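Novice: Before anything else, here's the structure in question.
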Amino acid sequence: MTLLTVFLSLLCATTTVPHAGAAGRATRAGASDSTVLVLLGTGTPRPAPTASGPATAVVVGTRVFLFDAGPGVMRRVSAAGLPLTGPTALFFTHLHSDHTLGYPDVIFTTWVMGRHWPLQAYGPHGLADMTRHIIAAWSEDEDIRTNGLEHEPPHGYDVHVHEVSPGVVYDSAGVRVTAFAVLHGTWKEAYGYRVDTPTRSIVISGDTRYASSVEQESAGADILVHEVYASAHVAPEQRPGGSDWPEYLRQFHTSDKELGAIVAKAQPKLLVLTHVVGNPAWDDEIVKTIRDAGYRGRIVVGKDLDRF
């Protein structure tokens, strides 16, 4: 059985129009706006019951572009009314476990739900190896579902992997996705993505410490989706490795003060905070710190299933 089939053409196949979920929590795009941002998972590695792992969808008409696949991603896809046969394309910012634990879920659940074309997956170098190992790990499942009474389409779980470098990585039918390098601790490759559609520009930071590339890519954008932590509450923690926690945050993530400096210069129209590290009680303080830096746009602390 072939573990990973490489196909030459990209296939965009989604059929379900996104529905209006999460009523009252976020301003939903109007009917005339064909581009909608959907937060599928806003959490961190901590398994909070109200926040799934990192996953963000940009929906353009009937096409879905998914960024990261944290734990619980397909349940959130279902809750958002998005196609269960999978996204038009899946993009990974980096290969940390909390951003990729839902990858097998995307691969196999979309197959069981009817996908019979290759999933298009984009991300840092190492994604191809990860994919091959996932396909191999579920080989018995693939055999039983294909040759047993379920009669799933052979190789419907296939993935076409595109390992990317900075620059335009996807450009089709009016949607252009540009990868740009960010700084996430000791990861050799980590990316943010800018999505330009006929109606909107959306920038997704991924996990990063302060990076000038985010400021450059989000200048004047309609939406910036960015991670953050509260600088006033950085302290060692009572756990293994807890003494290194402050340095970890500085090397791997962006403080509210640093994010304030970024958006004060870039001035995106809307700032959506996600992957907020720390206590939810600090959210208002984080927002105030960013606002005090000189940002004039709207700020929202994102929740799962919010739409913008």
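Ordering of the structure tokens sets the chain letters (A, B, ...), residue numbers begin anew at 1 in every chain, and ligands are numbered from 1 in the order given.
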Between segment 32-88 of chain A and segment 265-288 of chain A, at 6 Å or less, what are the per-residue closest atom pairs and their distances in Å? Count only C-alpha atoms, order by chain and rising residue number, and return it as a Markdown table.
Specialist:
```
| residue | atom | partner | partner_atom | distance |
| --- | --- | --- | --- | --- |
| A:Thr42 | CA | A:Thr274 | CA | 5.1 |
| A:Gly43 | CA | A:His275 | CA | 5.1 |
| A:Thr44 | CA | A:His275 | CA | 5.4 |
```
Novice: Take the residues just selected and output them with C-alpha atoms as a PDB file, in the first residue's frame.
Specialist:
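Just written: out18.pdb:
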```
ATOM      1  CA  THR A  42      -7.929  29.596  20.237  1.00  0.00           C
ATOM      2  CA  GLY A  43      -6.220  27.593  22.961  1.00  0.00           C
ATOM      3  CA  THR A  44      -2.713  26.797  24.133  1.00  0.00           C
TER       4      THR A  44
END
```
Novice: Hey, what's within 6 Å of segment 250-254 of chain A if we count only C-alpha atoms and toss same-chain stuff fewer than 5 positions away? As a PyMOL selection string, please?
Specialist: chain A and resi 184-185+208-210+228
Novice: Pick out the residues sitting within 7 Å of segment 69-74 of chain A, and hand them over as a list in words; count only C-alpha atoms, and ignore anything fewer than 6 positions along from it in its own chain.
Specialist: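 Counting only C-alpha atoms, the residues come to Leu40, Gly41, Ser52, Gly53, Pro54, Ala55, Asp98, His99, Thr100, Leu101, Gly102, Tyr103, Asp105 and Val106 of chain A.
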Novice: Excluding Arg115 of chain A and any residue of its chain fewer than 5 positions from it, enumerate the residues within 10 Å of it, using only C-alpha atoms, and give them as number ranges by chain.
Specialist: A: 13-14, 84-86, 107-110, 152-153, 155-158
Novice: Store the residues picked out above in a file with C-alpha atoms, as a CSV table (one decimal), in the first residue's frame.
Specialist:
```csv
chain,number,residue,atom,x,y,z
A,13,ALA,CA,-13.3,20.8,-3.3
A,14,THR,CA,-15.8,22.1,-0.8
A,84,LEU,CA,-16.5,17.7,6.7
A,85,THR,CA,-14.7,16.5,3.6
A,86,GLY,CA,-11.9,18.9,4.4
A,107,ILE,CA,-6.5,13.4,7.3
A,108,PHE,CA,-8.7,10.5,8.4
A,109,THR,CA,-12.0,12.1,9.4
A,110,THR,CA,-12.3,13.9,6.1
A,152,GLU,CA,-14.0,3.7,1.8
A,153,PRO,CA,-12.3,4.9,-1.4
A,155,HIS,CA,-6.2,6.2,-0.8
A,156,GLY,CA,-8.8,8.7,0.0
A,157,TYR,CA,-6.6,9.6,3.0
A,158,ASP,CA,-3.7,10.7,0.7
```
Novice: Just the strand (DSSP E or B) stuff from segment 18-206 of chain A, please, per backbone DSSP, written as a PyMOL selection string.
Specialist: chain A and resi 35-41+55-60+63-67+89-91+119-123+159-163+167-172+175-181+191-196+201-204
